[in-house]
Each structure stands twice: as structure tokens, then as C-alpha cells.
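A.B. asks: Take a look at target14.cif, mmCIF, C-alpha atoms:
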```
data_input
loop_
_atom_site.label_atom_id
_atom_site.label_comp_id
_atom_site.auth_asym_id
_atom_site.auth_seq_id
_atom_site.Cartn_x
_atom_site.Cartn_y
_atom_site.Cartn_z
CA LEU A 1 0.00 0.00 0.00
CA LEU A 2 1.27 3.48 -0.87
CA ASP A 3 2.12 5.76 2.07
CA CYS A 4 1.28 3.00 4.52
CA PRO A 5 3.36 2.83 7.72
CA THR A 6 5.42 -0.25 8.47
CA ILE A 7 3.31 -3.13 9.73
CA PHE A 8 5.27 -5.71 11.69
CA SER A 9 4.51 -9.31 10.75
CA ARG A 10 3.13 -12.02 13.00
CA PHE A 11 6.63 -13.47 13.10
CA SER A 12 7.86 -10.31 14.89
CA TRP A 13 5.78 -11.15 17.97
CA ASN A 14 6.15 -14.94 17.67
CA ALA A 15 2.49 -15.60 16.96
CA ARG A 16 1.03 -19.05 17.45
CA PRO A 17 -0.42 -20.77 14.36
CA TYR A 18 -4.08 -19.96 13.83
CA LYS A 19 -6.65 -22.77 13.91
CA ASN A 20 -8.93 -21.53 11.16
CA ARG A 21 -9.60 -18.42 9.04
CA SER A 22 -12.51 -16.94 7.10
CA ASN A 23 -12.15 -14.30 4.41
CA VAL A 24 -13.80 -10.96 5.09
CA THR A 25 -16.36 -9.62 2.61
CA LEU A 26 -14.80 -6.77 0.63
CA PRO A 27 -14.97 -3.83 0.40
CA PHE A 28 -14.91 -2.83 4.09
CA LYS A 29 -17.41 -0.43 5.68
CA HIS A 30 -15.95 0.23 9.13
CA ILE A 31 -12.72 0.60 11.06
CA ASP A 32 -13.21 -0.38 14.68
CA VAL A 33 -10.49 0.66 17.10
CA LEU A 34 -10.44 -0.92 20.54
CA THR A 35 -8.14 0.04 23.39
CA PRO A 36 -7.88 -3.06 25.57
CA PRO A 37 -6.40 -2.72 29.06
CA SER A 38 -2.76 -3.70 29.29
CA SER A 39 0.38 -3.29 31.35
CA PRO A 40 2.59 -0.23 30.75
CA ILE A 41 4.50 -0.60 27.49
CA ILE A 42 8.17 0.24 27.90
CA ASN A 43 9.82 -1.19 24.81
CA GLN A 44 9.26 -3.55 21.91
CA GLN A 45 9.79 -6.62 24.07
CA SER A 46 7.05 -5.61 26.50
CA CYS A 47 4.76 -4.79 23.58
CA THR A 48 5.18 -8.16 21.89
CA ARG A 49 4.73 -9.86 25.26
CA GLU A 50 1.35 -8.13 25.69
CA ILE A 51 0.27 -9.16 22.19
CA LYS A 52 1.17 -12.76 23.00
CA ILE A 53 -0.92 -12.53 26.18
CA PHE A 54 -3.88 -11.35 24.09
CA GLN A 55 -3.51 -14.24 21.67
CA ASP A 56 -3.20 -16.82 24.45
CA TYR A 57 -6.27 -15.41 26.18
CA HIS A 58 -8.35 -15.28 23.01
CA MET A 59 -7.43 -18.79 21.91
CA ASP A 60 -7.22 -20.61 25.25
CA GLU A 61 -9.87 -18.84 27.33
CA ARG A 62 -12.35 -17.66 24.70
CA GLY A 63 -11.80 -20.54 22.31
CA TRP A 64 -11.21 -18.33 19.27
CA ASP A 65 -9.19 -19.48 16.27
CA ASP A 66 -6.58 -16.75 16.67
CA ILE A 67 -5.97 -13.38 18.29
CA GLY A 68 -9.19 -11.43 17.84
CA TYR A 69 -7.72 -8.26 16.36
CA ASN A 70 -6.77 -7.62 12.75
CA PHE A 71 -4.04 -5.19 13.84
CA ILE A 72 -2.56 -4.09 17.16
CA LEU A 73 -1.12 -0.67 18.02
CA CYS A 74 1.68 -0.39 20.57
CA ASN A 75 3.53 2.65 21.92
CA ASP A 76 6.82 0.79 22.01
CA LYS A 77 9.24 3.40 20.69
CA GLU A 78 9.40 6.77 22.41
CA ASP A 79 5.60 7.04 22.48
CA GLN A 80 5.40 6.40 18.72
CA GLN A 81 2.70 3.90 17.86
CA GLN A 82 3.89 0.83 15.99
CA ILE A 83 1.51 -1.43 14.08
CA TYR A 84 1.59 -5.20 14.45
CA MET A 85 -0.35 -7.63 12.29
CA GLY A 86 -2.93 -9.76 14.01
CA ARG A 87 -5.31 -11.51 11.62
CA GLY A 88 -4.39 -9.08 8.85
CA TRP A 89 -6.31 -7.32 6.09
CA THR A 90 -8.42 -10.04 4.54
CA TYR A 91 -9.59 -12.22 7.43
CA ILE A 92 -12.61 -11.78 9.68
CA GLY A 93 -11.73 -10.63 13.18
CA ALA A 94 -13.47 -11.57 16.41
CA HIS A 95 -13.19 -8.30 18.30
CA CYS A 96 -16.38 -6.33 17.56
CA LYS A 97 -19.64 -8.26 17.46
CA GLY A 98 -21.87 -7.22 14.58
CA TYR A 99 -19.06 -5.49 12.66
CA ASN A 100 -16.40 -8.14 12.15
CA ASN A 101 -17.44 -8.88 8.58
CA GLU A 102 -17.97 -5.26 7.54
CA SER A 103 -15.68 -2.67 6.08
CA LEU A 104 -13.84 0.61 5.69
CA GLU A 105 -15.81 2.11 2.81
CA GLU A 106 -19.30 3.00 1.65
CA ASP A 107 -20.97 4.34 -1.48
CA GLY A 108 -20.52 8.08 -1.99
CA ARG A 109 -21.21 10.69 -4.65
CA PHE A 110 -18.84 13.33 -6.04
CA ASN A 111 -20.23 15.74 -8.65
CA GLY A 112 -23.01 13.29 -9.37
CA GLN A 113 -20.65 10.38 -9.93
CA SER A 114 -20.78 7.27 -7.75
CA VAL A 115 -17.54 6.72 -5.82
CA ARG A 116 -16.32 4.69 -2.87
CA VAL A 117 -15.49 6.81 0.18
CA GLY A 118 -14.11 6.11 3.62
CA LYS A 119 -17.06 5.76 5.96
CA PHE A 120 -15.44 7.49 8.94
CA CYS A 121 -14.03 10.40 6.91
CA SER A 122 -17.28 10.77 5.00
CA SER A 123 -19.36 10.89 8.19
CA TRP A 124 -17.10 13.54 9.72
CA ARG A 125 -17.08 15.60 6.53
CA LYS A 126 -20.88 15.65 6.60
CA LYS A 127 -20.98 16.61 10.27
CA ILE A 128 -18.48 19.43 9.72
CA PHE A 129 -20.43 20.81 6.75
CA GLU A 130 -23.65 20.62 8.76
CA MET A 131 -21.99 22.63 11.53
CA LEU A 132 -20.43 25.18 9.17
CA LEU A 133 -23.75 25.73 7.39
CA GLY A 134 -25.83 25.71 10.58
CA ILE A 135 -28.03 22.77 9.57
CA GLN A 136 -26.90 20.21 12.15
CA PHE A 137 -30.21 20.48 14.03
CA GLU A 138 -32.64 21.67 11.37
CA ASN A 139 -32.38 21.53 7.59
CA PRO A 140 -35.50 23.34 6.35
CA ASN A 141 -34.19 23.61 2.79
CA ASN A 142 -33.29 19.90 2.66
CA ILE A 143 -29.73 20.68 1.61
CA ASP A 144 -27.95 17.55 0.41
CA ILE A 145 -24.44 17.47 1.89
CA ALA A 146 -23.64 14.01 0.52
CA ASP A 147 -22.10 15.49 -2.65
CA PRO A 148 -19.64 18.20 -1.55
CA VAL A 149 -18.44 19.11 -5.06
CA SER A 150 -21.76 19.45 -6.85
CA ASP A 151 -22.72 22.81 -8.34
CA GLU A 152 -25.83 22.93 -6.16
CA PHE A 153 -23.90 22.44 -2.92
CA TYR A 154 -21.19 24.93 -3.93
CA SER A 155 -23.79 27.56 -4.81
CA TYR A 156 -25.59 27.07 -1.50
CA PHE A 157 -22.30 27.25 0.43
CA GLN A 158 -21.40 30.52 -1.33
CA ASN A 159 -24.82 32.03 -0.67
CA VAL A 160 -24.65 31.24 3.05
CA ALA A 161 -21.15 32.71 3.29
CA LYS A 162 -22.18 35.86 1.41
CA ASN A 163 -25.30 36.40 3.52
CA ASN A 164 -23.37 35.94 6.77
CA THR A 165 -20.69 38.38 5.59
CA LEU A 166 -23.23 41.07 4.70
CA ILE A 167 -24.91 40.77 8.10
CA TYR A 168 -21.64 40.97 10.04
CA GLU A 169 -20.53 43.99 8.01
CA GLU A 170 -23.85 45.76 8.51
CA VAL A 171 -24.02 45.11 12.25
CA PHE A 172 -20.35 45.29 13.30
CA SER A 173 -18.57 46.95 10.35
CA THR A 174 -16.17 44.01 10.35
CA MET A 175 -12.66 44.35 9.02
CA PRO A 176 -11.11 43.25 6.68
CA THR A 177 -13.81 43.72 4.09
CA ASN A 178 -14.12 44.04 0.33
CA ARG A 179 -15.73 47.42 0.93
CA ALA A 180 -12.33 48.87 1.84
CA ARG A 181 -10.02 48.68 -1.16
CA THR A 182 -7.65 51.48 -0.12
CA PHE A 183 -6.33 52.75 3.21
CA ALA A 184 -8.48 55.86 2.83
CA GLN A 185 -11.56 53.66 2.53
CA VAL A 186 -10.44 51.74 5.62
CA ASN A 187 -10.43 54.97 7.64
CA ALA A 188 -13.81 56.01 6.27
CA TYR A 189 -15.30 52.57 6.89
CA ASN A 190 -14.01 52.45 10.47
CA GLY A 191 -15.54 55.86 11.11
CA MET A 192 -19.02 54.78 10.08
CA PRO A 193 -21.59 54.30 12.90
CA LYS A 194 -22.18 50.65 13.73
CA MET A 195 -25.69 49.23 13.95
CA LYS A 196 -24.80 47.38 17.16
CA ASP A 197 -24.39 50.82 18.77
CA THR A 198 -27.06 52.85 16.98
CA ASP A 199 -29.89 50.29 16.96
CA PRO A 200 -29.19 47.21 19.13
CA ILE A 201 -32.69 45.78 18.64
CA GLU A 202 -32.44 45.90 14.85
CA ALA A 203 -28.91 44.51 15.11
CA GLN A 204 -30.17 41.51 17.08
CA GLN A 205 -32.87 40.86 14.51
CA LYS A 206 -30.27 40.97 11.75
CA LEU A 207 -28.02 38.55 13.62
CA ASN A 208 -30.86 36.04 13.80
CA GLY A 209 -30.26 35.57 10.09
CA ILE A 210 -26.73 34.25 10.64
CA GLN A 211 -26.46 30.64 9.55
CA GLY A 212 -23.54 28.51 10.70
CA PHE A 213 -20.00 29.90 10.70
CA VAL A 214 -18.90 30.45 7.10
CA VAL A 215 -18.11 33.91 5.70
CA GLU A 216 -16.59 35.16 2.48
CA TYR A 217 -12.85 35.71 2.32
CA PRO A 218 -12.20 39.40 1.48
CA LEU A 219 -10.23 38.87 -1.72
CA TYR A 220 -10.41 42.55 -2.73
CA PHE A 221 -9.39 44.09 0.59
CA LEU A 222 -6.85 46.87 -0.19
CA ASP A 223 -6.44 45.55 -3.75
CA GLU A 224 -6.37 49.12 -5.12
CA GLU A 225 -3.76 50.31 -2.65
CA ASN A 226 -0.26 51.25 -3.78
CA TYR A 227 2.17 49.46 -1.47
CA LEU A 228 5.32 50.99 -2.95
CA PRO A 229 7.26 53.22 -0.54
CA SER A 230 7.50 56.94 -1.21
CA TRP A 231 10.42 58.06 -3.39
CA THR A 232 11.41 60.46 -0.63
CA THR A 233 12.22 57.61 1.75
CA PRO A 234 15.34 55.39 1.82
CA GLU A 235 13.11 52.43 0.97
CA GLY A 236 11.80 54.25 -2.10
CA ILE A 237 15.30 54.97 -3.38
CA ALA A 238 16.38 51.33 -3.08
CA PRO A 239 16.05 49.19 -6.24
CA LEU A 240 12.74 47.34 -6.52
CA ILE A 241 14.61 44.04 -6.84
CA ILE A 242 15.25 44.23 -3.09
CA TRP A 243 11.54 43.89 -2.34
CA THR A 244 10.73 41.20 -4.91
#
```
Could you rewrite the structure in this file as C-alpha cells?
C.D. replies:
Amino acid sequence: LLDCPTIFSRFSWNARPYKNRSNVTLPFKHIDVLTPPSSPIINQQSCTREIKIFQDYHMDERGWDDIGYNFILCNDKEDQQQIYMGRGWTYIGAHCKGYNNESLEEDGRFNGQSVRVGKFCSSWRKKIFEMLLGIQFENPNNIDIADPVSDEFYSYFQNVAKNNTLIYEEVFSTMPTNRARTFAQVNAYNGMPKMKDTDPIEAQQKLNGIQGFVVEYPLYFLDEENYLPSWTTPEGIAPLIIWT
């Protein structure tokens, strides 16, 4: 696998032979991570000893065919987690009832095209978008967040960001803003009365229209300003190559 960390083989921890194995149904839908209780791990020897204890317990006490886990993580090198192979990639584990024969992926949709996506990453992406757009509790417009690169989703995301930006600028005169494209406009904008001070009730009503957390990035802030130093200063006399 590309960009995959080193996975130590069963031989590295002196695994016992397994009794039987069953192939897992591919593709996966879940990754289940368990943190079983264990003694303090000091070095690789103590780590492999703990893994052996797990295998002996699973096979001798529980009657399983092998250690129950597909992979085992150990902090055996200066608090850096090392990965050891248990049952491996393609064999059913015995560690999580109801999920042992399921997987790491699920069906997804990108720009209308069917794709396979990581279930955990996909679920978190959806939760984050729901939070950013303020629809984690109510979704009155039935916004579909399953396809994050569709034109419809992008347009909705932009509209929410634009609306939030306009409200914040109107109520608080937020800075930076695209309304200030020179330093002179910055001074004029900062001198404008703010709705939060002049009409707090109206300001509160406006703020009720805020949805989520996204705002527009002010791409045009100070874009008309001349940043070159004055010719009457030492910086202005210096060759431009110094500043580029």
C-alpha cells in the first residue's frame, strides 16, 4: 500500500499458528479501534509480550481461532505507535460483534458520480459541513451534503457565506472587508456608525439571520492600494529588486 506505515509481521511477535480463518467480505465499511487494558508498554519486548498474552487469552480462554484483532497498536518506541499484524487485512476478526465482517468504505457521490469513500471520513465531513452551514439540528431547505463538489452544494455554500458576511458587516462593520479597497476607505469605513451601537434591537434581529459559521474571504481588501514606498524615503530609493 502506498504511504502505509510499516506493519510488523506475526513473526515479529512470535504468533502461534491460527486454527482456522474466514475471508472478510470486501470492500470494508468500518474501522473499529479498541483500546484493551494492558500493562505499561516500555519497549518492543514488553509490547510483543502483551500481544502474546492477548492471543493466548483469546485462543485458550475464549476458544477463538486466533488473536481477535486484525491489527494491534503499541507505543513501544518513544511514544510512537507501531503497528503489528494480528489476523491481517483479509480475514474476519473476532473483536467487535456485529461489525467483524464489515468494512472501511461505503458508497458516496462526487459531482453526481458514484464513488467509494471512507465511511469514517465521510461521516465527519458531513458533520463538519452541517456545523459550518448551521443545519446540524434543522435543515428546512433539505440541503444535500452528501455530494460536496456538486454545483448545487457549492452555490448554496457561497450564498450562506455571502449572507453571513453582509450581516456581520452591517451590524459590526467588520474588518477586513471588500468594501475597503484602499487605506483611505479603511479609515472612512471604520468611522461609520455601527448598527450594534445605533440600533441594538435591529442589530439583534439581523443577527438572527446568521447561519452557521462560514463567511466570504475578502479577496479585494486593499487591492487598489499602492504598497510601494514613497520616493522620498530610503526604501523608495532602493532598487525594486530588493523587495521582490
A.B. asks: For the structure shown, which residues end up in the PyMOL selection byres ((chain A and resi 71) around 9)? Put them as a PDB file with C-alpha atoms, in the frame of the given file, please?
C.D. replies:
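The file below, out_8.pdb, is the result:
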```pdb
ATOM      1  CA  ILE A   7       3.310  -3.130   9.730  1.00  0.00           C
ATOM      2  CA  TYR A  69      -7.720  -8.260  16.360  1.00  0.00           C
ATOM      3  CA  ASN A  70      -6.770  -7.620  12.750  1.00  0.00           C
ATOM      4  CA  ILE A  72      -2.560  -4.090  17.160  1.00  0.00           C
ATOM      5  CA  LEU A  73      -1.120  -0.670  18.020  1.00  0.00           C
ATOM      6  CA  ILE A  83       1.510  -1.430  14.080  1.00  0.00           C
ATOM      7  CA  TYR A  84       1.590  -5.200  14.450  1.00  0.00           C
ATOM      8  CA  MET A  85      -0.350  -7.630  12.290  1.00  0.00           C
ATOM      9  CA  GLY A  86      -2.930  -9.760  14.010  1.00  0.00           C
ATOM     10  CA  ARG A  87      -5.310 -11.510  11.620  1.00  0.00           C
ATOM     11  CA  GLY A  88      -4.390  -9.080   8.850  1.00  0.00           C
ATOM     12  CA  TRP A  89      -6.310  -7.320   6.090  1.00  0.00           C
TER      13      TRP A  89
END
```
A.B. asks: Which residue, A:Ile128, A:Ile201, A:Ala188, A:Val214, has the smallest gap to Val160 (chain A) when you use all atoms listed in the file?
C.D. replies: A:Val214
A.B. asks: Would you kindly return, as a PyMOL selection string, each protein, DNA or RNA residue with an atom no farther than 12 Å from any atom of region 54-60 of chain A, considering only C-alpha atoms and excluding same-chain residues fewer than 3 positions away?
C.D. replies: chain A and resi 10+13-20+36-39+47-51+63-72+85-87+93-95
A.B. asks: I would like the residues chosen by the PyMOL selection byres ((chain A and resi 179) around 12) on the shown file; could you give them as a PyMOL selection string?
C.D. replies: chain A and resi 165-166+169-170+173-178+180-190+218-224
A.B. asks: Can I get the selection written as an mmCIF file, in the frame of the given file, with C-alpha atoms?
C.D. replies:
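Written output follows (again_39.cif):
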```cif
data_model
loop_
_atom_site.group_PDB
_atom_site.id
_atom_site.type_symbol
_atom_site.label_atom_id
_atom_site.label_comp_id
_atom_site.auth_asym_id
_atom_site.auth_seq_id
_atom_site.Cartn_x
_atom_site.Cartn_y
_atom_site.Cartn_z
ATOM 1 C CA THR A 165 -20.690 38.380 5.590
ATOM 2 C CA LEU A 166 -23.230 41.070 4.700
ATOM 3 C CA GLU A 169 -20.530 43.990 8.010
ATOM 4 C CA GLU A 170 -23.850 45.760 8.510
ATOM 5 C CA SER A 173 -18.570 46.950 10.350
ATOM 6 C CA THR A 174 -16.170 44.010 10.350
ATOM 7 C CA MET A 175 -12.660 44.350 9.020
ATOM 8 C CA PRO A 176 -11.110 43.250 6.680
ATOM 9 C CA THR A 177 -13.810 43.720 4.090
ATOM 10 C CA ASN A 178 -14.120 44.040 0.330
ATOM 11 C CA ALA A 180 -12.330 48.870 1.840
ATOM 12 C CA ARG A 181 -10.020 48.680 -1.160
ATOM 13 C CA THR A 182 -7.650 51.480 -0.120
ATOM 14 C CA PHE A 183 -6.330 52.750 3.210
ATOM 15 C CA ALA A 184 -8.480 55.860 2.830
ATOM 16 C CA GLN A 185 -11.560 53.660 2.530
ATOM 17 C CA VAL A 186 -10.440 51.740 5.620
ATOM 18 C CA ASN A 187 -10.430 54.970 7.640
ATOM 19 C CA ALA A 188 -13.810 56.010 6.270
ATOM 20 C CA TYR A 189 -15.300 52.570 6.890
ATOM 21 C CA ASN A 190 -14.010 52.450 10.470
ATOM 22 C CA PRO A 218 -12.200 39.400 1.480
ATOM 23 C CA LEU A 219 -10.230 38.870 -1.720
ATOM 24 C CA TYR A 220 -10.410 42.550 -2.730
ATOM 25 C CA PHE A 221 -9.390 44.090 0.590
ATOM 26 C CA LEU A 222 -6.850 46.870 -0.190
ATOM 27 C CA ASP A 223 -6.440 45.550 -3.750
ATOM 28 C CA GLU A 224 -6.370 49.120 -5.120
#
```
A.B. asks: Suppose you want the space between CA of Arg125 (chain A) and CA of Thr90 (chain A); what is it in Å?
C.D. replies: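 Atom-to-atom, CA of Arg125 (chain A) to CA of Thr90 (chain A), that is 27.1 Å.
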A.B. asks: Can you spell out as a PDB file with C-alpha atoms, keeping the file's coordinate frame the set of residues that the PyMOL selection byres ((chain A and resi 112) around 12) selects in the structure I just provided?
C.D. replies:
```pdb
ATOM      1  CA  GLY A 108     -20.520   8.080  -1.990  1.00  0.00           C
ATOM      2  CA  ARG A 109     -21.210  10.690  -4.650  1.00  0.00           C
ATOM      3  CA  PHE A 110     -18.840  13.330  -6.040  1.00  0.00           C
ATOM      4  CA  ASN A 111     -20.230  15.740  -8.650  1.00  0.00           C
ATOM      5  CA  GLN A 113     -20.650  10.380  -9.930  1.00  0.00           C
ATOM      6  CA  SER A 114     -20.780   7.270  -7.750  1.00  0.00           C
ATOM      7  CA  VAL A 115     -17.540   6.720  -5.820  1.00  0.00           C
ATOM      8  CA  ASP A 144     -27.950  17.550   0.410  1.00  0.00           C
ATOM      9  CA  ALA A 146     -23.640  14.010   0.520  1.00  0.00           C
ATOM     10  CA  ASP A 147     -22.100  15.490  -2.650  1.00  0.00           C
ATOM     11  CA  PRO A 148     -19.640  18.200  -1.550  1.00  0.00           C
ATOM     12  CA  VAL A 149     -18.440  19.110  -5.060  1.00  0.00           C
ATOM     13  CA  SER A 150     -21.760  19.450  -6.850  1.00  0.00           C
ATOM     14  CA  ASP A 151     -22.720  22.810  -8.340  1.00  0.00           C
ATOM     15  CA  GLU A 152     -25.830  22.930  -6.160  1.00  0.00           C
ATOM     16  CA  PHE A 153     -23.900  22.440  -2.920  1.00  0.00           C
TER      17      PHE A 153
END
```
A.B. asks: How many Å lie between CA of Glu138 (chain A) and CA of Glu216 (chain A), rounded to one decimal?
C.D. replies: 22.8 Å
A.B. asks: What does the distance between CA of Ile92 (chain A) and CA of Arg21 (chain A) come to in Å, to one decimal place?
C.D. replies: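 Answer for the CA of Ile92 (chain A) to CA of Arg21 (chain A) separation: 7.3 Å.
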